[in-house]
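Everything below belongs to my_file.cif, which stores mmCIF, C-alpha atoms.
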```
data_structure
loop_
_atom_site.label_atom_id
_atom_site.label_comp_id
_atom_site.auth_asym_id
_atom_site.auth_seq_id
_atom_site.Cartn_x
_atom_site.Cartn_y
_atom_site.Cartn_z
CA MET A 396 -25.04 10.44 23.88
CA ASN A 397 -26.80 11.75 20.78
CA ILE A 398 -29.95 9.79 19.97
CA ASN A 399 -32.12 10.44 16.94
CA GLN A 400 -35.77 9.55 17.37
CA CYS A 401 -37.43 8.33 14.20
CA ASP A 402 -40.97 7.46 13.16
CA GLU A 403 -40.98 5.57 9.88
CA CYS A 404 -37.22 6.40 9.73
CA SER A 405 -37.55 10.23 9.65
CA LEU A 406 -34.81 11.78 11.79
CA HIS A 407 -35.29 14.31 14.57
CA GLN A 408 -32.54 15.48 16.91
CA GLN A 409 -33.06 14.70 20.59
CA ASN A 410 -30.97 15.62 23.64
CA GLN A 411 -29.68 12.95 25.98
CA GLU A 412 -31.79 14.13 28.88
CA ASP A 413 -35.08 14.25 26.97
CA LEU A 414 -37.69 11.60 27.54
CA PHE A 415 -38.94 9.78 24.48
CA SER A 416 -42.27 8.28 23.67
CA GLY A 417 -41.78 7.06 20.08
CA ARG A 418 -41.73 3.39 19.30
CA CYS A 419 -38.60 3.62 17.12
CA ILE A 420 -35.24 5.05 18.19
CA LEU A 421 -32.39 5.39 15.71
CA VAL A 422 -29.13 5.27 17.67
CA ASN A 423 -26.17 7.15 16.28
CA GLY A 424 -23.75 4.56 17.59
CA PRO A 425 -23.86 1.09 19.16
CA VAL A 426 -26.46 -0.42 21.44
CA ILE A 427 -24.86 -2.23 24.38
CA VAL A 428 -27.02 -4.89 26.05
CA GLY A 429 -26.05 -5.30 29.71
CA ALA A 430 -24.74 -2.85 32.31
CA GLY A 431 -22.48 -5.23 34.18
CA PRO A 432 -18.68 -4.94 34.23
CA SER A 433 -18.42 -5.94 30.54
CA GLY A 434 -20.95 -3.39 29.31
CA LEU A 435 -19.45 -0.64 31.46
CA ALA A 436 -15.96 -1.36 30.13
CA VAL A 437 -17.10 -1.05 26.51
CA ALA A 438 -19.04 2.13 27.27
CA ALA A 439 -16.01 3.68 28.98
CA GLY A 440 -13.84 3.04 25.94
CA LEU A 441 -16.42 4.59 23.60
CA LYS A 442 -16.96 7.56 25.89
CA GLN A 443 -13.30 8.52 25.82
CA ASP A 444 -13.45 9.00 22.05
CA GLY A 445 -16.83 10.66 21.96
CA VAL A 446 -18.70 7.81 20.31
CA PRO A 447 -22.41 7.93 21.26
CA PHE A 448 -24.13 4.80 22.50
CA VAL A 449 -27.15 3.45 24.33
CA ILE A 450 -26.67 0.90 27.09
CA LEU A 451 -29.72 -1.20 28.01
CA GLU A 452 -30.14 -2.95 31.35
CA ARG A 453 -33.11 -5.07 32.39
CA ALA A 454 -32.52 -4.48 36.12
CA SER A 455 -32.82 -1.20 38.00
CA CYS A 456 -29.09 -0.84 38.69
CA ILE A 457 -25.67 -1.53 37.22
CA ALA A 458 -23.98 -4.86 37.99
CA SER A 459 -27.27 -6.41 39.13
CA LEU A 460 -25.67 -9.84 39.56
CA TRP A 461 -23.36 -8.39 42.20
CA GLN A 462 -25.90 -6.11 43.82
CA ASN A 463 -28.94 -8.38 43.87
CA ARG A 464 -27.81 -11.99 43.48
CA THR A 465 -24.79 -12.52 45.71
CA TYR A 466 -24.41 -13.50 49.36
CA ASP A 467 -23.23 -11.05 51.98
CA ARG A 468 -19.85 -12.64 52.78
CA LEU A 469 -18.71 -12.80 49.14
CA LYS A 470 -15.25 -11.53 48.27
CA LEU A 471 -13.46 -11.55 44.95
CA HIS A 472 -11.83 -14.94 44.46
CA LEU A 473 -8.88 -13.45 42.59
CA PRO A 474 -6.49 -10.62 43.56
CA LYS A 475 -7.83 -7.19 42.70
CA GLN A 476 -5.32 -6.56 39.89
CA PHE A 477 -7.02 -9.33 37.90
CA CYS A 478 -10.50 -7.88 38.45
CA GLU A 479 -10.00 -4.27 37.38
CA LEU A 480 -11.83 -2.71 34.46
CA PRO A 481 -9.82 -0.84 31.80
CA TYR A 482 -8.55 2.69 32.45
CA ILE A 483 -9.25 2.89 36.23
CA PRO A 484 -7.55 0.68 38.85
CA PHE A 485 -8.95 -0.21 42.27
CA PRO A 486 -8.21 2.28 45.06
CA HIS A 487 -4.91 1.50 46.80
CA LYS A 488 -6.70 1.22 50.16
CA PHE A 489 -8.72 -1.78 48.97
CA PRO A 490 -7.49 -5.15 50.27
CA GLN A 491 -6.02 -7.77 47.93
CA TYR A 492 -9.41 -9.52 47.80
CA PRO A 493 -12.07 -6.77 47.84
CA THR A 494 -15.45 -7.47 49.36
CA LYS A 495 -18.68 -7.55 47.40
CA HIS A 496 -19.58 -4.05 48.59
CA GLN A 497 -16.15 -2.65 47.75
CA PHE A 498 -16.39 -4.06 44.24
CA ILE A 499 -19.88 -2.59 43.77
CA ASN A 500 -18.63 0.80 44.96
CA TYR A 501 -15.78 0.55 42.45
CA LEU A 502 -18.20 -0.14 39.59
CA GLN A 503 -20.49 2.70 40.63
CA SER A 504 -17.56 5.11 40.76
CA TYR A 505 -16.46 3.82 37.35
CA ALA A 506 -19.87 4.60 35.84
CA ARG A 507 -19.86 8.08 37.40
CA GLU A 508 -16.34 8.83 36.18
CA PHE A 509 -17.26 8.09 32.57
CA GLN A 510 -20.80 9.50 32.88
CA ILE A 511 -22.38 6.22 31.85
CA HIS A 512 -26.17 6.35 32.20
CA PRO A 513 -27.85 3.06 31.27
CA ARG A 514 -31.52 2.86 30.39
CA PHE A 515 -32.67 0.73 33.32
CA ASN A 516 -35.63 -1.65 33.47
CA GLU A 517 -35.45 -2.28 29.72
CA SER A 518 -35.42 -5.97 28.94
CA VAL A 519 -34.47 -7.00 25.40
CA LEU A 520 -37.13 -9.16 23.79
CA SER A 521 -35.35 -9.68 20.49
CA ALA A 522 -32.49 -8.45 18.38
CA ASN A 523 -32.56 -9.01 14.61
CA TYR A 524 -30.30 -7.88 11.81
CA ASP A 525 -32.34 -6.23 9.07
CA HIS A 526 -30.59 -7.03 5.79
CA THR A 527 -32.80 -4.56 3.92
CA CYS A 528 -31.37 -1.52 5.67
CA GLY A 529 -28.19 -3.07 7.05
CA LEU A 530 -29.03 -2.23 10.67
CA TRP A 531 -29.85 -4.03 13.89
CA ARG A 532 -33.37 -3.85 15.32
CA VAL A 533 -33.46 -4.30 19.09
CA LYS A 534 -36.90 -4.57 20.68
CA THR A 535 -37.28 -3.96 24.41
CA VAL A 536 -40.03 -3.93 27.00
CA ASN A 537 -40.11 -1.80 30.13
CA VAL A 538 -40.27 -4.15 33.13
CA ALA A 539 -40.82 -1.44 35.73
CA GLY A 540 -44.59 -1.63 35.45
CA ASP A 541 -46.01 -0.06 32.29
CA ASP A 542 -44.82 -2.77 29.82
CA SER A 543 -44.14 -0.11 27.19
CA SER A 544 -42.05 -1.26 24.25
CA VAL A 545 -39.34 0.47 22.22
CA GLU A 546 -37.41 -0.55 19.15
CA TYR A 547 -33.83 0.63 18.84
CA ILE A 548 -32.22 0.69 15.40
CA CYS A 549 -28.44 0.73 15.36
CA ARG A 550 -25.36 0.07 13.27
CA TRP A 551 -23.59 -2.00 15.96
CA LEU A 552 -24.85 -4.37 18.64
CA VAL A 553 -22.68 -5.28 21.65
CA VAL A 554 -23.83 -8.33 23.61
CA ALA A 555 -22.58 -7.84 27.19
CA THR A 556 -25.12 -9.86 29.18
CA GLY A 557 -22.41 -12.25 30.31
CA GLU A 558 -22.08 -15.89 31.26
CA ASN A 559 -24.29 -15.66 34.36
CA ALA A 560 -27.50 -14.07 33.11
CA GLU A 561 -29.92 -16.77 34.27
CA LYS A 562 -29.85 -19.15 37.21
CA VAL A 563 -29.79 -22.87 36.49
CA VAL A 564 -32.48 -24.75 38.45
CA PRO A 565 -32.36 -28.53 37.89
CA GLU A 566 -35.46 -30.67 38.27
CA PHE A 567 -35.46 -33.49 40.81
CA GLU A 568 -37.97 -36.25 41.30
CA GLY A 569 -40.24 -35.66 44.29
CA MET A 570 -39.26 -32.02 44.81
CA HIS A 571 -42.92 -31.04 45.20
CA GLU A 572 -43.24 -33.56 48.05
CA PHE A 573 -40.30 -32.21 50.03
CA GLY A 574 -42.21 -29.53 51.93
CA GLY A 575 -39.14 -27.54 53.07
CA GLY A 576 -37.64 -24.33 51.78
CA VAL A 577 -35.83 -24.43 48.43
CA MET A 578 -33.86 -21.52 46.98
CA HIS A 579 -31.13 -20.88 44.45
CA ALA A 580 -27.80 -19.57 45.73
CA CYS A 581 -28.50 -16.28 43.91
CA ASP A 582 -31.22 -15.59 46.49
CA TYR A 583 -29.09 -16.62 49.47
CA LYS A 584 -27.77 -13.74 51.57
CA SER A 585 -26.71 -15.13 54.94
CA GLY A 586 -26.87 -18.28 57.04
CA GLU A 587 -28.58 -16.42 59.89
CA PHE A 588 -31.99 -17.72 58.83
CA TYR A 589 -30.71 -21.31 58.87
CA ARG A 590 -29.30 -21.35 62.39
CA GLY A 591 -29.78 -24.84 63.85
CA LYS A 592 -31.27 -26.23 60.62
CA ARG A 593 -30.18 -29.12 58.44
CA VAL A 594 -29.42 -27.69 55.00
CA LEU A 595 -28.64 -29.57 51.79
CA VAL A 596 -26.35 -27.56 49.50
CA VAL A 597 -26.54 -28.89 45.95
CA GLY A 598 -23.29 -28.13 44.14
CA CYS A 599 -19.63 -28.07 45.11
CA GLY A 600 -18.25 -25.14 43.12
CA ASN A 601 -17.01 -21.93 44.70
CA SER A 602 -20.58 -20.87 45.55
CA GLY A 603 -21.49 -24.23 47.10
CA MET A 604 -18.30 -24.28 49.14
CA GLU A 605 -18.71 -20.73 50.41
CA VAL A 606 -22.41 -21.11 51.20
CA SER A 607 -21.58 -24.27 53.20
CA LEU A 608 -18.88 -22.39 55.09
CA ASP A 609 -21.22 -19.49 55.81
CA LEU A 610 -23.85 -21.91 57.12
CA CYS A 611 -21.25 -23.34 59.51
CA HIS A 612 -20.45 -19.85 60.76
CA HIS A 613 -24.14 -19.47 61.64
CA ASN A 614 -24.35 -22.83 63.44
CA ALA A 615 -26.34 -24.60 60.74
CA PHE A 616 -25.71 -28.21 59.70
CA PRO A 617 -24.87 -28.30 55.98
CA SER A 618 -24.53 -31.35 53.76
CA MET A 619 -22.99 -30.69 50.35
CA VAL A 620 -23.89 -32.73 47.28
CA VAL A 621 -20.84 -33.66 45.20
CA ARG A 622 -22.11 -35.24 42.00
CA SER A 623 -18.92 -35.13 39.95
CA SER A 624 -15.19 -34.53 40.23
CA VAL A 625 -13.87 -31.13 41.29
CA HIS A 626 -10.51 -29.42 41.58
CA VAL A 627 -9.89 -27.74 44.93
CA LEU A 628 -6.80 -25.52 45.15
CA PRO A 629 -5.47 -23.35 47.98
CA ARG A 630 -6.23 -19.69 47.35
CA GLU A 631 -2.56 -18.89 48.01
CA ILE A 632 0.71 -20.82 47.73
CA LEU A 633 3.61 -19.56 49.86
CA GLY A 634 1.82 -16.23 50.30
CA LYS A 635 1.26 -15.75 46.57
CA SER A 636 -2.12 -16.00 44.81
CA THR A 637 -2.49 -19.43 43.19
CA PHE A 638 -4.07 -17.82 40.14
CA GLU A 639 -1.28 -15.27 39.86
CA LEU A 640 1.30 -18.02 40.22
CA GLY A 641 -0.37 -19.99 37.45
CA VAL A 642 -0.41 -16.97 35.13
CA CYS A 643 3.29 -16.33 35.76
CA LEU A 644 4.29 -19.96 35.20
CA MET A 645 2.36 -20.18 31.92
CA LYS A 646 4.65 -17.52 30.47
CA TRP A 647 7.50 -20.02 30.64
CA MET A 648 5.89 -23.46 30.68
CA PRO A 649 3.17 -25.38 28.84
CA ILE A 650 -0.18 -25.47 30.60
CA TRP A 651 -0.01 -29.19 31.43
CA VAL A 652 3.27 -28.65 33.30
CA VAL A 653 1.79 -25.73 35.24
CA ASP A 654 -1.20 -27.92 36.15
CA LYS A 655 1.12 -30.60 37.55
CA ILE A 656 2.94 -27.99 39.65
CA LEU A 657 -0.32 -26.57 41.03
CA LEU A 658 -1.70 -30.02 41.84
CA LEU A 659 1.52 -31.03 43.61
CA ALA A 660 1.41 -27.84 45.67
CA ALA A 661 -2.28 -28.43 46.42
CA LYS A 662 -1.58 -31.96 47.66
CA LEU A 663 1.23 -30.72 49.93
CA ILE A 664 -0.93 -27.91 51.38
CA LEU A 665 -4.40 -29.47 51.42
CA GLY A 666 -3.51 -33.16 51.66
CA ASN A 667 -5.46 -35.95 49.98
CA ILE A 668 -8.94 -34.53 49.49
CA GLU A 669 -10.31 -37.65 47.80
CA LYS A 670 -10.70 -39.42 51.13
CA TYR A 671 -13.34 -36.82 51.99
CA GLY A 672 -15.35 -37.55 48.86
CA LEU A 673 -13.80 -34.87 46.62
CA LYS A 674 -12.44 -36.68 43.58
CA ARG A 675 -10.22 -34.70 41.21
CA PRO A 676 -10.86 -34.67 37.43
CA SER A 677 -8.34 -36.39 35.17
CA MET A 678 -7.70 -33.12 33.31
CA GLY A 679 -5.69 -30.43 35.09
CA PRO A 680 -7.43 -27.39 36.61
CA LEU A 681 -6.19 -24.81 34.10
CA GLN A 682 -6.77 -27.05 31.09
CA LEU A 683 -10.26 -27.82 32.36
CA LYS A 684 -11.00 -24.13 32.81
CA ASN A 685 -9.78 -23.23 29.33
CA THR A 686 -11.53 -26.08 27.49
CA GLN A 687 -14.78 -26.51 29.44
CA GLY A 688 -15.08 -23.34 31.48
CA LYS A 689 -15.11 -25.22 34.81
CA THR A 690 -13.50 -23.02 37.44
CA PRO A 691 -11.44 -24.72 40.15
CA VAL A 692 -12.50 -24.11 43.72
CA LEU A 693 -10.18 -21.81 45.64
CA ASP A 694 -10.43 -22.91 49.24
CA ILE A 695 -10.95 -20.21 51.88
CA GLY A 696 -11.66 -22.50 54.83
CA THR A 697 -14.36 -24.94 53.77
CA LEU A 698 -11.96 -27.90 53.59
CA SER A 699 -11.13 -27.62 57.28
CA ARG A 700 -14.88 -27.75 58.02
CA ILE A 701 -15.18 -30.83 55.82
CA ARG A 702 -12.31 -32.52 57.69
CA SER A 703 -13.91 -31.73 61.04
CA GLY A 704 -17.28 -33.08 59.92
CA ASP A 705 -19.05 -29.73 60.15
CA VAL A 706 -19.77 -30.03 56.41
CA LYS A 707 -20.89 -33.48 55.34
CA ILE A 708 -20.10 -34.60 51.78
CA VAL A 709 -22.87 -36.67 50.19
CA PRO A 710 -23.28 -38.21 46.70
CA GLY A 711 -25.88 -37.31 44.08
CA ILE A 712 -29.62 -37.05 44.66
CA LYS A 713 -31.94 -39.85 43.58
CA LYS A 714 -35.19 -38.24 44.67
CA PHE A 715 -36.72 -36.00 47.30
CA LEU A 716 -39.01 -37.24 50.03
CA HIS A 717 -41.20 -35.44 52.53
CA GLY A 718 -38.72 -33.80 54.89
CA GLY A 719 -35.72 -35.47 53.32
CA VAL A 720 -33.86 -36.81 50.32
CA GLU A 721 -32.80 -40.21 49.05
CA LEU A 722 -29.24 -40.26 47.73
CA VAL A 723 -27.93 -42.40 44.89
CA ASN A 724 -26.20 -44.70 47.40
CA GLY A 725 -29.54 -45.45 49.06
CA GLU A 726 -28.95 -43.26 52.13
CA ILE A 727 -31.92 -41.29 53.44
CA LEU A 728 -30.99 -37.83 54.65
CA GLU A 729 -33.37 -35.75 56.77
CA ILE A 730 -33.15 -32.06 55.89
CA ASP A 731 -35.03 -28.82 56.55
CA SER A 732 -33.97 -26.72 53.56
CA VAL A 733 -32.24 -26.89 50.19
CA ILE A 734 -29.91 -24.36 48.58
CA LEU A 735 -29.21 -24.89 44.89
CA ALA A 736 -25.64 -23.82 44.13
CA THR A 737 -26.14 -25.08 40.61
CA GLY A 738 -24.72 -22.17 38.69
CA TYR A 739 -25.85 -19.89 35.91
CA SER A 740 -26.16 -19.82 32.14
CA SER A 741 -26.15 -17.36 29.27
CA ASN A 742 -29.56 -16.15 28.04
CA VAL A 743 -28.39 -14.89 24.65
CA PRO A 744 -30.18 -17.57 22.55
CA SER A 745 -33.53 -16.47 24.00
CA TRP A 746 -33.36 -13.00 22.41
CA LEU A 747 -30.57 -12.78 19.82
CA LYS A 748 -32.04 -14.03 16.55
CA GLU A 749 -28.73 -15.06 15.02
CA ASN A 750 -27.35 -18.59 14.86
CA GLU A 751 -23.79 -18.33 13.57
CA PHE A 752 -21.78 -16.27 16.04
CA PHE A 753 -23.35 -17.72 19.21
CA SER A 754 -23.81 -21.42 19.90
CA ARG A 755 -26.85 -23.00 21.52
CA ASP A 756 -25.36 -22.62 24.99
CA GLY A 757 -25.12 -18.85 24.50
CA PHE A 758 -21.35 -18.57 24.02
CA PRO A 759 -19.44 -17.43 20.93
CA THR A 760 -18.60 -20.35 18.67
CA SER A 761 -15.01 -19.13 18.34
CA PRO A 762 -13.04 -19.53 21.59
CA PHE A 763 -11.00 -16.84 23.28
CA PRO A 764 -9.27 -14.71 22.03
CA ASN A 765 -11.29 -14.77 18.78
CA GLY A 766 -14.85 -14.68 20.10
CA TRP A 767 -15.31 -10.93 20.40
CA LYS A 768 -16.39 -9.97 16.87
CA GLY A 769 -19.06 -11.39 14.58
CA LYS A 770 -20.55 -10.27 11.31
CA ALA A 771 -22.63 -7.18 10.49
CA GLY A 772 -21.54 -5.12 13.49
CA LEU A 773 -22.17 -7.80 16.14
CA TYR A 774 -19.81 -7.98 19.14
CA ALA A 775 -19.58 -10.02 22.35
CA VAL A 776 -17.94 -9.12 25.66
CA GLY A 777 -17.89 -11.17 28.86
CA PHE A 778 -18.04 -14.69 27.40
CA THR A 779 -14.37 -15.66 27.63
CA ARG A 780 -14.69 -17.97 30.69
CA ARG A 781 -11.74 -15.99 32.03
CA GLY A 782 -13.51 -13.65 34.40
CA ILE A 783 -13.24 -9.88 34.39
CA SER A 784 -9.68 -9.88 33.08
CA GLY A 785 -10.78 -11.70 29.92
CA ALA A 786 -13.81 -9.44 29.56
CA SER A 787 -11.62 -6.35 29.85
CA VAL A 788 -9.37 -7.55 27.03
CA ASP A 789 -12.36 -8.02 24.74
CA ALA A 790 -13.96 -4.73 25.82
CA ILE A 791 -10.91 -2.80 24.67
CA LYS A 792 -10.90 -4.62 21.32
CA VAL A 793 -14.60 -3.96 20.78
CA SER A 794 -14.52 -0.27 21.67
CA LYS A 795 -11.43 0.37 19.51
CA ASP A 796 -12.98 -1.43 16.55
CA ILE A 797 -16.23 0.53 16.77
CA ILE A 798 -14.37 3.81 17.29
CA LYS A 799 -12.32 3.25 14.14
CA ILE A 800 -15.36 2.46 11.98
CA TRP A 801 -17.49 5.22 13.53
CA LYS A 802 -14.87 7.88 12.91
CA ASN A 803 -14.43 6.81 9.29
CA GLU A 804 -18.17 6.78 8.65
CA THR A 805 -18.66 10.11 10.43
CA LYS A 806 -15.90 11.68 8.34
CA GLN A 807 -17.54 10.45 5.14
CA LYS A 808 -20.95 11.77 6.21
CA ASN A 809 -19.51 15.17 7.04
CA GLN A 810 -18.08 15.40 3.57
CA SER A 811 -21.48 14.89 1.99
CA VAL A 812 -24.01 17.70 1.62
CA GLY A 813 -27.13 17.43 3.84
CA VAL A 814 -28.39 14.56 5.87
CA SER A 815 -30.67 11.91 4.48
CA CYS A 816 -31.96 8.54 5.54
CA ASN A 817 -31.14 6.52 2.41
CA ARG A 818 -31.79 3.17 4.08
CA LYS A 819 -35.36 2.06 4.39
CA CYS A 820 -36.36 -0.16 7.27
CA LYS A 821 -39.77 -1.68 6.92
CA PRO A 822 -41.83 -1.25 10.13
#
```
Please go through the file and, once you have read it, give me the structure as structure tokens.
Amino acid sequence: MNINQCDECSLHQQNQEDLFSGRCILVNGPVIVGAGPSGLAVAAGLKQDGVPFVILERASCIASLWQNRTYDRLKLHLPKQFCELPYIPFPHKFPQYPTKHQFINYLQSYAREFQIHPRFNESVLSANYDHTCGLWRVKTVNVAGDDSSVEYICRWLVVATGENAEKVVPEFEGMHEFGGGVMHACDYKSGEFYRGKRVLVVGCGNSGMEVSLDLCHHNAFPSMVVRSSVHVLPREILGKSTFELGVCLMKWMPIWVVDKILLLAAKLILGNIEKYGLKRPSMGPLQLKNTQGKTPVLDIGTLSRIRSGDVKIVPGIKKFLHGGVELVNGEILEIDSVILATGYSSNVPSWLKENEFFSRDGFPTSPFPNGWKGKAGLYAVGFTRRGISGASVDAIKVSKDIIKIWKNETKQKNQSVGVSCNRKCKP
């Protein structure tokens, strides 16, 4: 990882291990923002062809979402073959659905294998394309304590912060009057703390379902808010992963036919879930995922708890009261705590000063598979709404594209006599 430190754009060679104190760093390669699975996959591809890069991560570890913001009982929802990063598969000894800790170990081994060393605790404040010099200017601040700032100047910028960078916390009337504990699901670890308590889980996606199930396992009394329709599918059909079955069927059938097959199988296995307050959307689960990014729930046991009454399904929230909540149907529910399983959002619009490639919601304006490359050396990985498998596809495209350009430019530079900085970036 060759990095040239510059002050007013004068170049000085610097080894990878050296500390730097300058306010301007000229990177001889791309800057990758985010050291999650997407960023690691791009870095691994570049590393194999000797392309230098800098990878920035605002947290103190790789895959911070998995390490710091997931509950203890979490397992991969999809079979491991759909969650592998490029070039290195999961160990054969791993189960079909690896645990959170197994997945983290896999990512850490992946980073070690490719000698990927992110610059931790560096949060990106802004990234602008400087048309004067034809380079990206990425400003960061150290969040570990000293608040020092650095500006990276690079030819390519890879946005790999992903779909789940920031938690979504909705506002409810009367929340300040409630008086009980309120936390987002990203801070939830285990139901042990909630033993014997009445807990309102807001959200019925995979996180809401699994948190409710975990609360049951710890003898809590969860009520789950279902504000809209939701697809619930069995995780497996006849011993085969539902997701894998869907992927196989789509090779031979249109998506709407596959949706009908999956819904028929779900009804045979799970029964009529609408009588429990879980209304299905009019659009099929795969179509809904592809068009709106809404992931169907893969049931791992929560439905049986709903049938038994251990998990109570309630409608939307009208307002909070002291020690309780009023629902939209007028029911008053007494509760001790609230867990917001209300999802996450992209944070790209808050720091990327570019309004063509990314939309206001922080996703590429061009849908998969065309949302990986923008203009002026801008790339995106991890925004496909197709999980790690989709991110891996884009990571390979991005790394190959940068490698091709980098090699051509390096060859041209080597043919010239001397090294000069003929582009002037105004400080």
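Among A:Ile511, A:Val793, A:Val776, A:Val692, the residue with the shortest atom-to-atom distance to Ser433 (chain A), counting all atoms listed in the file, is A:Val776.
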Tell me which protein, DNA and RNA residues are within 12 Å of Cys599 (chain A), counting all atoms listed in the file, leaving out same-chain ones fewer than 3 positions away, and put them as a ChimeraX atom specification.
/A:580,595-596,602-608,618-627,672-674,689-694,697-698,701,706-711,734-738
I want to know what sits within 12 Å of Ala436 (chain A), based on only C-alpha atoms, with residues of the same chain fewer than 3 positions away left out; could you give that as JSON, numbers by chain?
{"A": [427, 429, 430, 431, 432, 433, 439, 440, 441, 442, 443, 450, 458, 478, 479, 480, 481, 482, 483, 502, 505, 506, 508, 509, 511, 553, 555, 776, 777, 783, 784, 785, 786, 787, 788, 789, 790, 791, 792, 793, 794, 795]}
Write the residues of the preceding selection, restricted to C-alpha atoms, as a tab-separated table (two decimals), keeping the file's coordinate frame.
```tsv
chain	number	residue	atom	x	y	z
A	427	ILE	CA	-24.86	-2.23	24.38
A	429	GLY	CA	-26.05	-5.30	29.71
A	430	ALA	CA	-24.74	-2.85	32.31
A	431	GLY	CA	-22.48	-5.23	34.18
A	432	PRO	CA	-18.68	-4.94	34.23
A	433	SER	CA	-18.42	-5.94	30.54
A	439	ALA	CA	-16.01	3.68	28.98
A	440	GLY	CA	-13.84	3.04	25.94
A	441	LEU	CA	-16.42	4.59	23.60
A	442	LYS	CA	-16.96	7.56	25.89
A	443	GLN	CA	-13.30	8.52	25.82
A	450	ILE	CA	-26.67	0.90	27.09
A	458	ALA	CA	-23.98	-4.86	37.99
A	478	CYS	CA	-10.50	-7.88	38.45
A	479	GLU	CA	-10.00	-4.27	37.38
A	480	LEU	CA	-11.83	-2.71	34.46
A	481	PRO	CA	-9.82	-0.84	31.80
A	482	TYR	CA	-8.55	2.69	32.45
A	483	ILE	CA	-9.25	2.89	36.23
A	502	LEU	CA	-18.20	-0.14	39.59
A	505	TYR	CA	-16.46	3.82	37.35
A	506	ALA	CA	-19.87	4.60	35.84
A	508	GLU	CA	-16.34	8.83	36.18
A	509	PHE	CA	-17.26	8.09	32.57
A	511	ILE	CA	-22.38	6.22	31.85
A	553	VAL	CA	-22.68	-5.28	21.65
A	555	ALA	CA	-22.58	-7.84	27.19
A	776	VAL	CA	-17.94	-9.12	25.66
A	777	GLY	CA	-17.89	-11.17	28.86
A	783	ILE	CA	-13.24	-9.88	34.39
A	784	SER	CA	-9.68	-9.88	33.08
A	785	GLY	CA	-10.78	-11.70	29.92
A	786	ALA	CA	-13.81	-9.44	29.56
A	787	SER	CA	-11.62	-6.35	29.85
A	788	VAL	CA	-9.37	-7.55	27.03
A	789	ASP	CA	-12.36	-8.02	24.74
A	790	ALA	CA	-13.96	-4.73	25.82
A	791	ILE	CA	-10.91	-2.80	24.67
A	792	LYS	CA	-10.90	-4.62	21.32
A	793	VAL	CA	-14.60	-3.96	20.78
A	794	SER	CA	-14.52	-0.27	21.67
A	795	LYS	CA	-11.43	0.37	19.51
```
Dump as a PyMOL selection string all residues having an atom at most 12 Å from (-6.4, -35.2, 39.0), computed in the file's coordinates with only C-alpha atoms.
chain A and resi 624-628+651+654-659+661-662+667-669+673-683+691
Name the residues in contact with Gln462 (chain A) at a cut-off of 9 Å, using only C-alpha atoms, excluding same-chain residues fewer than 6 positions from it; report them as an MDAnalysis selection string.
chainID A and resid 456 495:496 499
Find the spatial neighbours of Leu747 (chain A), counting only C-alpha atoms, within a cut-off of 8 Å - ignore same-chain residues fewer than 4 positions away - and output them as a VMD selection string.
chain A and resid 521 to 523 743
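Interatomic distance, CA of Lys684 (chain A) to CA of Leu460 (chain A): 21.6 Å.
One finds CA of Gln497 (chain A) at 27.5 Å from CA of Ala615 (chain A).
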On this structure, which residues satisfy the PyMOL selection byres ((chain A and resi 757) around 6), written as a ChimeraX atom specification?
/A:741,743-744,753-756,758
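Rounded to one decimal, CA of Thr779 (chain A) and CA of Tyr547 (chain A) lie 26.9 Å from each other.
The closest residue to His512 (chain A), picked from A:Val577, A:Leu530, A:Cys611, A:Ile457 and counting all atoms listed in the file, is A:Ile457.
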Extract region 736-742 of chain A from the coordinates I pasted, and write it as a compact mmCIF listing (two decimals), in the first residue's frame (atoms kept: N, CA, C and O atoms).
```txt
# COMPACT_ATOMS: atom_id res chain seq x y z
N ALA A 736 -37.20 -2.36 16.31
CA ALA A 736 -36.66 -3.14 15.20
C ALA A 736 -37.08 -2.47 13.90
O ALA A 736 -37.76 -3.06 13.05
N THR A 737 -36.68 -1.22 13.77
CA THR A 737 -37.17 -0.36 12.69
C THR A 737 -36.17 -0.17 11.56
O THR A 737 -36.35 0.71 10.72
N GLY A 738 -35.14 -0.98 11.55
CA GLY A 738 -34.26 -1.02 10.41
C GLY A 738 -33.14 0.01 10.37
O GLY A 738 -32.86 0.70 11.36
N TYR A 739 -32.54 0.10 9.19
CA TYR A 739 -31.36 0.94 8.99
C TYR A 739 -31.50 1.70 7.67
O TYR A 739 -32.39 1.44 6.87
N SER A 740 -30.59 2.62 7.46
CA SER A 740 -30.58 3.39 6.22
C SER A 740 -29.15 3.67 5.80
O SER A 740 -28.21 3.58 6.60
N SER A 741 -28.99 4.05 4.55
CA SER A 741 -27.69 4.48 4.03
C SER A 741 -27.38 5.89 4.54
O SER A 741 -28.29 6.70 4.73
N ASN A 742 -26.10 6.17 4.77
CA ASN A 742 -25.71 7.52 5.20
C ASN A 742 -24.93 8.28 4.13
O ASN A 742 -24.37 9.35 4.39
```
